[in-house]
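Engineer: Take a look at target28.cif, mmCIF, C-alpha atoms and all ligand atoms:
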```
data_data
#
loop_
_atom_site.group_PDB
_atom_site.id
_atom_site.type_symbol
_atom_site.label_atom_id
_atom_site.label_comp_id
_atom_site.auth_asym_id
_atom_site.auth_seq_id
_atom_site.Cartn_x
_atom_site.Cartn_y
_atom_site.Cartn_z
ATOM 1 C CA MET A 1 0.000 0.000 0.000
ATOM 2 C CA GLY A 2 1.371 3.401 -0.744
ATOM 3 C CA PRO A 3 0.882 6.690 1.113
ATOM 4 C CA ASN A 4 -2.499 7.647 2.511
ATOM 5 C CA HIS A 5 -2.686 11.434 2.260
ATOM 6 C CA THR A 6 -4.948 13.803 4.123
ATOM 7 C CA VAL A 7 -7.080 16.084 1.953
ATOM 8 C CA PRO A 8 -8.714 19.146 3.577
ATOM 9 C CA GLY A 9 -12.422 18.678 4.196
ATOM 10 C CA LEU A 10 -12.313 14.923 3.526
ATOM 11 C CA ALA A 11 -12.437 12.327 6.328
ATOM 12 C CA GLU A 12 -9.599 9.794 6.407
ATOM 13 C CA HIS A 13 -10.389 6.086 6.751
ATOM 14 C CA GLY A 14 -6.836 4.652 6.728
ATOM 15 C CA ARG A 15 -7.693 2.899 3.465
ATOM 16 C CA CYS A 16 -8.461 3.668 -0.175
ATOM 17 C CA GLN A 17 -11.739 5.607 -0.339
ATOM 18 C CA VAL A 18 -14.691 4.891 -2.593
ATOM 19 C CA MET A 19 -16.241 7.708 -4.648
ATOM 20 C CA GLY A 20 -19.679 6.726 -5.931
ATOM 21 C CA VAL A 21 -20.819 8.255 -9.233
ATOM 22 C CA VAL A 22 -24.140 10.019 -9.714
ATOM 23 C CA ASN A 23 -24.325 11.343 -13.272
ATOM 24 C CA VAL A 24 -27.312 13.705 -13.517
ATOM 25 C CA THR A 25 -27.244 13.507 -17.327
ATOM 26 C CA PRO A 26 -29.704 12.119 -19.875
ATOM 27 C CA ASP A 27 -26.992 10.398 -21.895
ATOM 28 C CA SER A 28 -24.343 9.106 -19.522
ATOM 29 C CA PHE A 29 -22.310 6.437 -21.245
ATOM 30 C CA SER A 30 -22.100 4.258 -18.187
ATOM 31 C CA ASP A 31 -25.578 4.341 -16.650
ATOM 32 C CA GLY A 32 -27.811 5.412 -19.499
ATOM 33 C CA GLY A 33 -29.191 8.525 -17.911
ATOM 34 C CA ALA A 34 -30.965 6.641 -15.113
ATOM 35 C CA TRP A 35 -30.477 9.464 -12.583
ATOM 36 C CA PHE A 36 -31.518 12.505 -14.646
ATOM 37 C CA ASP A 37 -34.399 13.284 -12.283
ATOM 38 C CA HIS A 38 -33.208 15.176 -9.163
ATOM 39 C CA GLY A 39 -35.185 13.040 -6.723
ATOM 40 C CA ARG A 40 -33.891 9.831 -8.233
ATOM 41 C CA ALA A 41 -30.361 11.228 -8.265
ATOM 42 C CA VAL A 42 -30.486 12.042 -4.544
ATOM 43 C CA GLU A 43 -32.014 8.661 -3.737
ATOM 44 C CA HIS A 44 -29.299 6.959 -5.753
ATOM 45 C CA GLY A 45 -26.559 8.942 -3.989
ATOM 46 C CA LEU A 46 -27.943 7.962 -0.579
ATOM 47 C CA SER A 47 -28.171 4.316 -1.626
ATOM 48 C CA LEU A 48 -24.526 4.401 -2.748
ATOM 49 C CA VAL A 49 -23.548 5.744 0.683
ATOM 50 C CA ALA A 50 -25.519 2.889 2.266
ATOM 51 C CA GLU A 51 -23.508 0.496 0.066
ATOM 52 C CA GLY A 52 -20.257 1.949 1.419
ATOM 53 C CA ALA A 53 -19.368 5.040 -0.621
ATOM 54 C CA ASP A 54 -17.247 7.575 1.294
ATOM 55 C CA ILE A 55 -17.810 10.360 -1.264
ATOM 56 C CA ILE A 56 -20.550 10.950 -3.866
ATOM 57 C CA ASP A 57 -19.466 12.538 -7.156
ATOM 58 C CA VAL A 58 -22.287 14.523 -8.785
ATOM 59 C CA GLY A 59 -21.874 15.390 -12.457
ATOM 60 C CA GLY A 60 -24.169 17.224 -14.871
ATOM 61 C CA GLU A 61 -22.239 17.018 -18.145
ATOM 62 C CA SER A 62 -21.335 13.801 -19.920
ATOM 63 C CA THR A 63 -17.647 13.606 -20.805
ATOM 64 C CA ARG A 64 -17.783 10.441 -22.862
ATOM 65 C CA PRO A 65 -15.887 10.567 -26.147
ATOM 66 C CA GLY A 66 -17.889 12.611 -28.658
ATOM 67 C CA ALA A 67 -20.261 14.106 -26.083
ATOM 68 C CA GLN A 68 -21.500 17.625 -26.810
ATOM 69 C CA ARG A 69 -21.241 20.265 -24.083
ATOM 70 C CA VAL A 70 -24.250 21.506 -22.105
ATOM 71 C CA SER A 71 -24.760 25.163 -21.170
ATOM 72 C CA ALA A 72 -23.604 26.449 -17.775
ATOM 73 C CA GLU A 73 -27.219 27.205 -16.903
ATOM 74 C CA GLU A 74 -28.290 23.638 -17.670
ATOM 75 C CA GLU A 75 -25.330 22.179 -15.786
ATOM 76 C CA LEU A 76 -26.154 24.335 -12.746
ATOM 77 C CA ARG A 77 -29.824 23.312 -12.943
ATOM 78 C CA ARG A 78 -28.834 19.661 -12.971
ATOM 79 C CA VAL A 79 -26.222 19.472 -10.218
ATOM 80 C CA VAL A 80 -26.693 22.191 -7.572
ATOM 81 C CA PRO A 81 -30.002 20.912 -6.117
ATOM 82 C CA VAL A 82 -28.582 17.378 -5.902
ATOM 83 C CA VAL A 83 -25.326 18.597 -4.293
ATOM 84 C CA ARG A 84 -27.324 20.653 -1.778
ATOM 85 C CA GLU A 85 -29.644 17.840 -0.739
ATOM 86 C CA LEU A 86 -26.891 15.223 -0.428
ATOM 87 C CA ALA A 87 -24.634 17.605 1.534
ATOM 88 C CA ALA A 88 -27.551 18.474 3.821
ATOM 89 C CA ALA A 89 -27.942 14.749 4.488
ATOM 90 C CA GLY A 90 -24.339 14.688 5.731
ATOM 91 C CA VAL A 91 -22.823 13.156 2.583
ATOM 92 C CA ALA A 92 -19.292 14.164 1.493
ATOM 93 C CA VAL A 93 -20.081 15.473 -1.996
ATOM 94 C CA SER A 94 -17.783 16.211 -4.900
ATOM 95 C CA VAL A 95 -18.945 18.072 -7.986
ATOM 96 C CA ASP A 96 -17.712 16.777 -11.332
ATOM 97 C CA THR A 97 -17.410 19.949 -13.396
ATOM 98 C CA MET A 98 -14.960 21.871 -15.606
ATOM 99 C CA ARG A 99 -16.749 25.187 -14.947
ATOM 100 C CA ALA A 100 -15.717 27.555 -12.134
ATOM 101 C CA SER A 101 -19.279 28.917 -11.926
ATOM 102 C CA VAL A 102 -20.698 25.442 -11.310
ATOM 103 C CA ALA A 103 -17.915 24.634 -8.859
ATOM 104 C CA GLU A 104 -18.537 27.878 -6.957
ATOM 105 C CA ARG A 105 -22.279 27.344 -6.599
ATOM 106 C CA SER A 106 -21.714 23.694 -5.654
ATOM 107 C CA VAL A 107 -19.217 24.603 -2.932
ATOM 108 C CA GLU A 108 -21.732 27.155 -1.636
ATOM 109 C CA ALA A 109 -24.298 24.314 -1.623
ATOM 110 C CA GLY A 110 -21.974 22.123 0.444
ATOM 111 C CA ALA A 111 -19.607 20.295 -1.918
ATOM 112 C CA VAL A 112 -16.235 19.499 -0.265
ATOM 113 C CA LEU A 113 -14.368 18.513 -3.440
ATOM 114 C CA VAL A 114 -14.240 19.872 -6.986
ATOM 115 C CA ASN A 115 -13.557 17.113 -9.513
ATOM 116 C CA ASP A 116 -12.277 18.847 -12.649
ATOM 117 C CA VAL A 117 -11.548 16.444 -15.516
ATOM 118 C CA SER A 118 -9.842 19.296 -17.383
ATOM 119 C CA GLY A 119 -7.269 19.954 -14.664
ATOM 120 C CA GLY A 120 -8.107 23.655 -14.825
ATOM 121 C CA LEU A 121 -7.586 23.938 -18.600
ATOM 122 C CA ALA A 122 -11.256 24.296 -19.614
ATOM 123 C CA ASP A 123 -11.993 27.359 -17.462
ATOM 124 C CA PRO A 124 -9.238 29.872 -16.606
ATOM 125 C CA ASP A 125 -11.348 31.001 -13.666
ATOM 126 C CA MET A 126 -11.184 27.612 -11.927
ATOM 127 C CA ALA A 127 -7.778 28.222 -10.302
ATOM 128 C CA ARG A 128 -9.044 31.425 -8.689
ATOM 129 C CA LEU A 129 -12.158 29.692 -7.347
ATOM 130 C CA VAL A 130 -10.199 26.745 -5.940
ATOM 131 C CA ALA A 131 -7.596 29.061 -4.386
ATOM 132 C CA SER A 132 -10.142 31.440 -2.843
ATOM 133 C CA SER A 133 -12.447 28.711 -1.501
ATOM 134 C CA GLY A 134 -9.672 26.386 -0.290
ATOM 135 C CA VAL A 135 -11.776 23.445 -1.511
ATOM 136 C CA ALA A 136 -10.104 20.104 -2.249
ATOM 137 C CA TYR A 137 -9.538 19.689 -5.996
ATOM 138 C CA VAL A 138 -9.134 16.690 -8.300
ATOM 139 C CA LEU A 139 -6.734 17.638 -11.085
ATOM 140 C CA MET A 140 -7.123 15.089 -13.888
ATOM 141 C CA HIS A 141 -4.842 14.634 -16.925
ATOM 142 C CA TRP A 142 -6.712 16.046 -19.949
ATOM 143 C CA ARG A 143 -5.797 17.078 -23.498
ATOM 144 C CA GLY A 144 -9.084 18.497 -24.746
ATOM 145 C CA HIS A 145 -12.846 18.240 -24.849
ATOM 146 C CA SER A 146 -14.663 14.997 -25.598
ATOM 147 C CA HIS A 147 -15.498 15.891 -29.201
ATOM 148 C CA ASP A 148 -11.877 15.605 -30.294
ATOM 149 C CA MET A 149 -9.836 14.369 -27.336
ATOM 150 C CA GLN A 150 -8.962 11.049 -28.937
ATOM 151 C CA SER A 151 -7.154 12.844 -31.757
ATOM 152 C CA ARG A 152 -4.699 14.006 -29.091
ATOM 153 C CA ALA A 153 -3.979 10.492 -27.820
ATOM 154 C CA VAL A 154 -0.465 10.458 -29.298
ATOM 155 C CA TYR A 155 2.459 9.722 -26.935
ATOM 156 C CA THR A 156 6.031 8.489 -27.151
ATOM 157 C CA ASP A 157 5.978 7.543 -23.446
ATOM 158 C CA VAL A 158 2.436 7.858 -22.116
ATOM 159 C CA VAL A 159 3.324 7.425 -18.436
ATOM 160 C CA GLN A 160 6.164 9.947 -18.488
ATOM 161 C CA GLU A 161 4.142 12.442 -20.505
ATOM 162 C CA VAL A 162 1.054 12.155 -18.268
ATOM 163 C CA LEU A 163 3.247 12.590 -15.186
ATOM 164 C CA ASP A 164 4.964 15.636 -16.716
ATOM 165 C CA GLU A 165 1.677 17.238 -17.819
ATOM 166 C CA LEU A 166 0.088 16.640 -14.402
ATOM 167 C CA ARG A 167 3.157 18.192 -12.742
ATOM 168 C CA ASP A 168 2.898 21.219 -15.048
ATOM 169 C CA ARG A 169 -0.796 21.670 -14.260
ATOM 170 C CA MET A 170 -0.202 21.251 -10.538
ATOM 171 C CA GLU A 171 2.539 23.908 -10.642
ATOM 172 C CA ALA A 172 0.228 26.230 -12.578
ATOM 173 C CA MET A 173 -2.549 25.812 -10.009
ATOM 174 C CA ILE A 174 -0.121 26.369 -7.126
ATOM 175 C CA SER A 175 1.247 29.513 -8.774
ATOM 176 C CA SER A 176 -2.394 30.722 -8.897
ATOM 177 C CA GLY A 177 -2.699 30.391 -5.125
ATOM 178 C CA VAL A 178 -3.958 26.816 -4.723
ATOM 179 C CA THR A 179 -2.130 25.069 -1.867
ATOM 180 C CA PRO A 180 -0.566 21.669 -2.626
ATOM 181 C CA ASP A 181 -2.602 19.868 0.033
ATOM 182 C CA GLN A 182 -5.824 20.781 -1.799
ATOM 183 C CA ILE A 183 -4.777 18.767 -4.845
ATOM 184 C CA VAL A 184 -5.624 15.157 -5.740
ATOM 185 C CA LEU A 185 -4.192 13.844 -9.032
ATOM 186 C CA ASP A 186 -5.848 11.550 -11.583
ATOM 187 C CA PRO A 187 -4.236 10.006 -14.714
ATOM 188 C CA GLY A 188 -7.466 10.454 -16.686
ATOM 189 C CA LEU A 189 -8.116 6.878 -17.862
ATOM 190 C CA GLY A 190 -9.953 6.990 -21.187
ATOM 191 C CA PHE A 191 -9.327 10.701 -21.771
ATOM 192 C CA SER A 192 -6.992 11.130 -24.748
ATOM 193 C CA LYS A 193 -5.824 7.535 -24.149
ATOM 194 C CA ARG A 194 -6.284 4.770 -26.693
ATOM 195 C CA PRO A 195 -7.096 1.078 -26.167
ATOM 196 C CA GLU A 196 -4.382 0.281 -28.761
ATOM 197 C CA PRO A 197 -1.630 0.909 -27.902
ATOM 198 C CA ALA A 198 -2.792 0.182 -24.378
ATOM 199 C CA HIS A 199 -2.284 3.643 -22.850
ATOM 200 C CA ASN A 200 -4.662 2.932 -19.961
ATOM 201 C CA TRP A 201 -2.984 -0.354 -18.997
ATOM 202 C CA ALA A 202 0.448 1.288 -19.211
ATOM 203 C CA LEU A 203 -0.724 3.928 -16.731
ATOM 204 C CA LEU A 204 -2.175 1.348 -14.336
ATOM 205 C CA HIS A 205 0.923 -0.840 -14.679
ATOM 206 C CA GLN A 206 3.025 2.089 -13.428
ATOM 207 C CA LEU A 207 0.420 3.595 -11.097
ATOM 208 C CA GLU A 208 2.903 3.775 -8.214
ATOM 209 C CA ARG A 209 5.020 6.250 -10.178
ATOM 210 C CA PHE A 210 2.271 8.811 -9.626
ATOM 211 C CA HIS A 211 3.305 8.930 -5.966
ATOM 212 C CA GLU A 212 6.427 10.721 -7.273
ATOM 213 C CA LEU A 213 4.253 13.846 -7.502
ATOM 214 C CA GLY A 214 3.645 13.755 -3.753
ATOM 215 C CA ARG A 215 -0.136 14.021 -3.889
ATOM 216 C CA PRO A 216 -3.024 11.573 -3.424
ATOM 217 C CA VAL A 217 -4.033 9.683 -6.569
ATOM 218 C CA LEU A 218 -7.599 9.008 -7.719
ATOM 219 C CA VAL A 219 -8.184 6.084 -10.106
ATOM 220 C CA ALA A 220 -11.353 6.142 -12.231
ATOM 221 C CA GLY A 221 -11.494 3.117 -14.501
ATOM 222 C CA SER A 222 -15.077 2.104 -13.754
ATOM 223 C CA ARG A 223 -16.961 0.707 -16.762
ATOM 224 C CA LYS A 224 -14.512 2.246 -19.236
ATOM 225 C CA ARG A 225 -13.785 1.068 -22.761
ATOM 226 C CA PHE A 226 -10.342 -0.341 -21.945
ATOM 227 C CA LEU A 227 -12.145 -2.819 -19.654
ATOM 228 C CA SER A 228 -14.965 -3.671 -22.058
ATOM 229 C CA ARG A 229 -12.345 -4.151 -24.799
ATOM 230 C CA LEU A 230 -10.276 -6.473 -22.570
ATOM 231 C CA LEU A 231 -13.325 -8.573 -21.719
ATOM 232 C CA GLY A 232 -14.831 -8.735 -25.214
ATOM 233 C CA ASP A 233 -14.212 -11.956 -27.131
ATOM 234 C CA PRO A 234 -12.093 -11.750 -30.276
ATOM 235 C CA GLU A 235 -14.817 -12.040 -32.908
ATOM 236 C CA ALA A 236 -17.639 -10.242 -31.053
ATOM 237 C CA GLU A 237 -17.563 -6.581 -30.025
ATOM 238 C CA ASP A 238 -16.596 -5.301 -26.580
ATOM 239 C CA ARG A 239 -18.298 -6.490 -23.368
ATOM 240 C CA PRO A 240 -21.223 -4.131 -22.501
ATOM 241 C CA PHE A 241 -20.064 -1.367 -20.087
ATOM 242 C CA THR A 242 -22.601 -2.341 -17.447
ATOM 243 C CA GLU A 243 -21.126 -5.872 -17.370
ATOM 244 C CA CYS A 244 -17.661 -4.632 -16.423
ATOM 245 C CA ASP A 245 -18.239 -4.165 -12.693
ATOM 246 C CA SER A 246 -16.265 -7.260 -11.634
ATOM 247 C CA ALA A 247 -13.312 -6.049 -13.677
ATOM 248 C CA THR A 248 -13.756 -2.618 -12.113
ATOM 249 C CA ALA A 249 -13.546 -4.179 -8.627
ATOM 250 C CA ALA A 250 -10.337 -5.957 -9.666
ATOM 251 C CA VAL A 251 -8.856 -2.618 -10.777
ATOM 252 C CA THR A 252 -9.979 -1.196 -7.417
ATOM 253 C CA THR A 253 -8.234 -3.930 -5.430
ATOM 254 C CA LEU A 254 -4.981 -3.517 -7.326
ATOM 255 C CA SER A 255 -5.173 0.296 -7.201
ATOM 256 C CA ALA A 256 -5.803 0.250 -3.439
ATOM 257 C CA ASP A 257 -2.881 -2.137 -2.980
ATOM 258 C CA ARG A 258 -0.681 0.341 -4.870
ATOM 259 C CA GLY A 259 -1.675 3.235 -2.646
ATOM 260 C CA ALA A 260 -4.529 4.941 -4.518
ATOM 261 C CA TRP A 261 -6.214 7.568 -2.320
ATOM 262 C CA ALA A 262 -9.623 6.782 -3.836
ATOM 263 C CA VAL A 263 -11.392 5.027 -6.673
ATOM 264 C CA ARG A 264 -14.326 6.513 -8.632
ATOM 265 C CA VAL A 265 -16.932 3.832 -9.380
ATOM 266 C CA HIS A 266 -20.545 3.340 -10.480
ATOM 267 C CA ASP A 267 -21.316 0.047 -8.704
ATOM 268 C CA VAL A 268 -20.234 0.831 -5.122
ATOM 269 C CA ARG A 269 -20.837 -2.361 -3.132
ATOM 270 C CA PRO A 270 -18.218 -4.647 -4.770
ATOM 271 C CA ASN A 271 -15.658 -1.822 -4.726
ATOM 272 C CA ALA A 272 -16.347 -0.959 -1.074
ATOM 273 C CA ASP A 273 -15.702 -4.636 -0.328
ATOM 274 C CA ALA A 274 -12.540 -4.604 -2.449
ATOM 275 C CA VAL A 275 -10.924 -1.672 -0.629
ATOM 276 C CA ARG A 276 -11.573 -3.367 2.710
ATOM 277 C CA VAL A 277 -10.003 -6.592 1.487
ATOM 278 C CA ALA A 278 -6.961 -4.662 0.243
ATOM 279 C CA ALA A 279 -6.585 -2.873 3.605
ATOM 280 C CA ALA A 280 -6.927 -6.067 5.676
ATOM 281 C CA TRP A 281 -4.503 -7.921 3.378
ATOM 282 C CA SER A 282 -2.003 -5.070 3.481
ATOM 283 C CA ASP A 283 -1.838 -4.737 7.269
ATOM 284 C CA GLY A 284 -2.354 -8.408 8.034
ATOM 285 C CA GLY A 285 -5.685 -7.694 9.672
ATOM 286 C CA ALA A 286 -4.031 -5.443 12.272
ATOM 287 C CA ARG A 287 -6.982 -3.043 12.264
ATOM 288 C CA LEU A 288 -9.710 -5.707 12.525
HETATM 289 N N1 LIG B 301 -11.683 12.506 -11.790
HETATM 290 C C1 LIG B 301 -12.328 11.881 -12.794
HETATM 291 N N2 LIG B 301 -13.604 12.222 -13.090
HETATM 292 C C2 LIG B 301 -14.256 11.603 -14.120
HETATM 293 N N3 LIG B 301 -15.516 11.965 -14.442
HETATM 294 C C3 LIG B 301 -16.175 11.342 -15.469
HETATM 295 C C4 LIG B 301 -15.538 10.323 -16.183
HETATM 296 C C5 LIG B 301 -16.262 9.660 -17.315
HETATM 297 O O1 LIG B 301 -16.846 8.494 -16.859
HETATM 298 P P1 LIG B 301 -18.424 8.358 -16.537
HETATM 299 O O2 LIG B 301 -19.128 9.489 -17.220
HETATM 300 O O3 LIG B 301 -18.760 7.036 -17.086
HETATM 301 O O4 LIG B 301 -18.560 8.447 -15.090
HETATM 302 N N4 LIG B 301 -14.278 9.931 -15.880
HETATM 303 C C6 LIG B 301 -13.606 10.576 -14.863
HETATM 304 C C7 LIG B 301 -12.255 10.240 -14.510
HETATM 305 O O5 LIG B 301 -11.607 9.380 -15.143
HETATM 306 N N5 LIG B 301 -11.666 10.911 -13.481
#
```
How would this structure read if it were set down as structure tokens?
Structural biologist:
Amino acid sequence: MGPNHTVPGLAEHGRCQVMGVVNVTPDSFSDGGAWFDHGRAVEHGLSLVAEGADIIDVGGESTRPGAQRVSAEEELRRVVPVVRELAAAGVAVSVDTMRASVAERSVEAGAVLVNDVSGGLADPDMARLVASSGVAYVLMHWRGHSHDMQSRAVYTDVVQEVLDELRDRMEAMISSGVTPDQIVLDPGLGFSKRPEPAHNWALLHQLERFHELGRPVLVAGSRKRFLSRLLGDPEAEDRPFTECDSATAAVTTLSADRGAWAVRVHDVRPNADAVRVAAAWSDGGARL
């Protein structure tokens, strides 16, 4: 197990944490828009906490490859009420947004973490908001919006280049007033990464190198194409995304064993079990 960091505003459990996903979108690639209604989204978030989620990640804009952007007004309409109700229920809520305006209103509504897949590149105002609010911040590796991000998936050494680009973004955020302890890093599995060559597997294979950056690492492989491709059989197409939850739990176990601070997953229960197995295995049951 690698380092367990403390992140301001987030409880520490002495183990890898589980971030449950609630996509308040009509077209989410991984759950088919099941939680587009606010009431259903809040219910789903509470049920994920009951299954063992430590954090609930609320997103209002699909980031799957090819997805079109939604307006700031629509994104605000989708996420802020859900953030507010979950936070009021005592849930640790993160908001999955690239927009400073959405992050700001979500923090006001009680979010304790801003999960920015663009690492501050999509909205120049994000650094100011994160610095002024002091909120914890997920800085993910990103090379452009969904509509053309795969055209940027060209690397000579994907692990070294993702590390270098994350370091550059972290330094940029810190020079804008963000303190290092606010920052959680994420290699951005599936974002400007190709299944062939296996960029995502190369990043997971060398996950421990991300500790070189001295910040907690979030791994978000849940139901992603590199898993459905792995599990597909040669002649047929990929395994359906919603049938990749066992593989996701395997990624969780291995990520936790290699010191991931948290995993971001859709199906919480098997992953909540996996992080507990990894913790008990790692310390020989000392904390049981
Ligand atoms: N930090 C972080 N956030 C994310 N949000 C959405 C998605 C897209 O997946 P989904 O829409 O199926 O949840 N992936 C990530 C990710 O890899 N890292």
Engineer: What's the separation between atom CA of Glu75 of chain A and atom CA of Gly134 of chain A, in Å to one decimal place?
Structural biologist: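 Rounded to one decimal, the two atoms are 22.4 Å apart.
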Engineer: Could you give me, as CSV, a per-residue list for chain A showing, wherever an atom lies at most 8 Å from an atom of ligand LIG 301 (chain B), the closest pair of atoms and their distance in Å to one decimal, using only C-alpha atoms and all ligand atoms and sorting by chain then residue number from low to high?
Structural biologist:
```
residue,atom,partner,partner_atom,distance
A:Val21,CA,B:LIG301,O4,6.3
A:Val22,CA,B:LIG301,O4,7.9
A:Asn23,CA,B:LIG301,O4,6.7
A:Ser28,CA,B:LIG301,O2,5.7
A:Phe29,CA,B:LIG301,O3,5.5
A:Ser30,CA,B:LIG301,O3,4.5
A:Asp31,CA,B:LIG301,O3,7.3
A:Gly59,CA,B:LIG301,N3,7.5
A:Ser62,CA,B:LIG301,O2,5.5
A:Thr63,CA,B:LIG301,C5,5.4
A:Arg64,CA,B:LIG301,C5,5.8
A:Asp96,CA,B:LIG301,N3,6.1
A:Asn115,CA,B:LIG301,N1,5.5
A:Asp116,CA,B:LIG301,N1,6.4
A:Val117,CA,B:LIG301,N2,5.3
A:Val138,CA,B:LIG301,N1,6.0
A:Leu139,CA,B:LIG301,N1,7.2
A:Met140,CA,B:LIG301,N1,5.6
A:Asp186,CA,B:LIG301,N1,5.9
A:Pro187,CA,B:LIG301,O5,7.4
A:Gly188,CA,B:LIG301,O5,4.5
A:Leu189,CA,B:LIG301,O5,5.1
A:Gly190,CA,B:LIG301,O5,6.7
A:Phe191,CA,B:LIG301,O5,7.1
A:Leu218,CA,B:LIG301,N1,6.7
A:Val219,CA,B:LIG301,N5,6.8
A:Ala220,CA,B:LIG301,O5,4.4
A:Gly221,CA,B:LIG301,O5,6.3
A:Ser222,CA,B:LIG301,O3,7.0
A:Arg223,CA,B:LIG301,O3,6.6
A:Lys224,CA,B:LIG301,O3,6.8
A:Arg264,CA,B:LIG301,N5,7.1
A:Val265,CA,B:LIG301,O4,7.5
A:His266,CA,B:LIG301,O4,7.2
```
Engineer: How many Å lie between atom CA of Val275 of chain A and atom CA of Val18 of chain A, rounded to one decimal?
Structural biologist: 7.8 Å
Engineer: If the PyMOL selection byres (((chain A and resi 147) around 12) and not hetatm) is run on the structure shown, which residues does it catch, given as a count of residues only?
Structural biologist: 19
Engineer: Using atom CA of Arg40 of chain A and atom CA of Glu74 of chain A as the two end points, give the distance in Å to one decimal.
Structural biologist: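 Pair atom CA of Arg40 of chain A / atom CA of Glu74 of chain A returns 17.6 Å.
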Engineer: When the PyMOL selection byres (((chain A and resi 238) around 12) and not hetatm) is applied to the structure above, which residues does it catch, written out as JSON, numbers by chain?
Structural biologist: {"A": [195, 223, 224, 225, 226, 227, 228, 229, 230, 231, 232, 233, 234, 235, 236, 237, 239, 240, 241, 242, 243, 244]}
Engineer: Go through the shown structure with the PyMOL selection byres (((chain A and resi 203-214) around 10) and not hetatm) and write out the matching residues as an NGL selection string.
Structural biologist: :A and (1-3 or 5 or 158-160 or 162-164 or 166-167 or 170 or 180-181 or 183-189 or 193 or 198-202 or 215-217 or 219 or 221 or 251 or 254-255 or 257-260)
Engineer: Would you mind completing segment 68-72 of chain A to all heavy atoms and writing the output as a compact mmCIF listing (two decimals), in the frame of the given file?
Structural biologist:
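Result file is rebuild05.txt:
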```txt
# COMPACT_ATOMS: atom_id res chain seq x y z
N GLN A 68 -21.40 16.18 -26.59
CA GLN A 68 -21.50 17.62 -26.81
C GLN A 68 -21.62 18.33 -25.45
O GLN A 68 -22.19 17.77 -24.51
CB GLN A 68 -22.73 17.94 -27.68
CG GLN A 68 -22.58 17.40 -29.10
CD GLN A 68 -21.28 17.85 -29.79
OE1 GLN A 68 -20.95 19.04 -29.78
NE2 GLN A 68 -20.53 16.92 -30.33
N ARG A 69 -21.15 19.55 -25.35
CA ARG A 69 -21.24 20.26 -24.08
C ARG A 69 -22.67 20.71 -23.79
O ARG A 69 -23.48 20.87 -24.71
CB ARG A 69 -20.31 21.49 -24.12
CG ARG A 69 -18.84 21.10 -24.37
CD ARG A 69 -17.90 21.93 -23.59
NE ARG A 69 -18.12 21.79 -22.14
CZ ARG A 69 -17.52 22.60 -21.26
NH1 ARG A 69 -16.75 23.58 -21.68
NH2 ARG A 69 -17.72 22.44 -19.97
N VAL A 70 -22.99 20.89 -22.49
CA VAL A 70 -24.25 21.51 -22.10
C VAL A 70 -23.95 22.92 -21.62
O VAL A 70 -22.82 23.24 -21.27
CB VAL A 70 -24.98 20.72 -20.99
CG1 VAL A 70 -25.30 19.30 -21.43
CG2 VAL A 70 -24.17 20.70 -19.71
N SER A 71 -24.98 23.77 -21.61
CA SER A 71 -24.76 25.16 -21.17
C SER A 71 -24.49 25.20 -19.66
O SER A 71 -24.87 24.28 -18.92
CB SER A 71 -26.02 26.00 -21.46
OG SER A 71 -27.06 25.56 -20.58
N ALA A 72 -23.87 26.28 -19.21
CA ALA A 72 -23.60 26.45 -17.77
C ALA A 72 -24.92 26.47 -17.00
O ALA A 72 -25.04 25.84 -15.94
CB ALA A 72 -22.82 27.74 -17.54
```
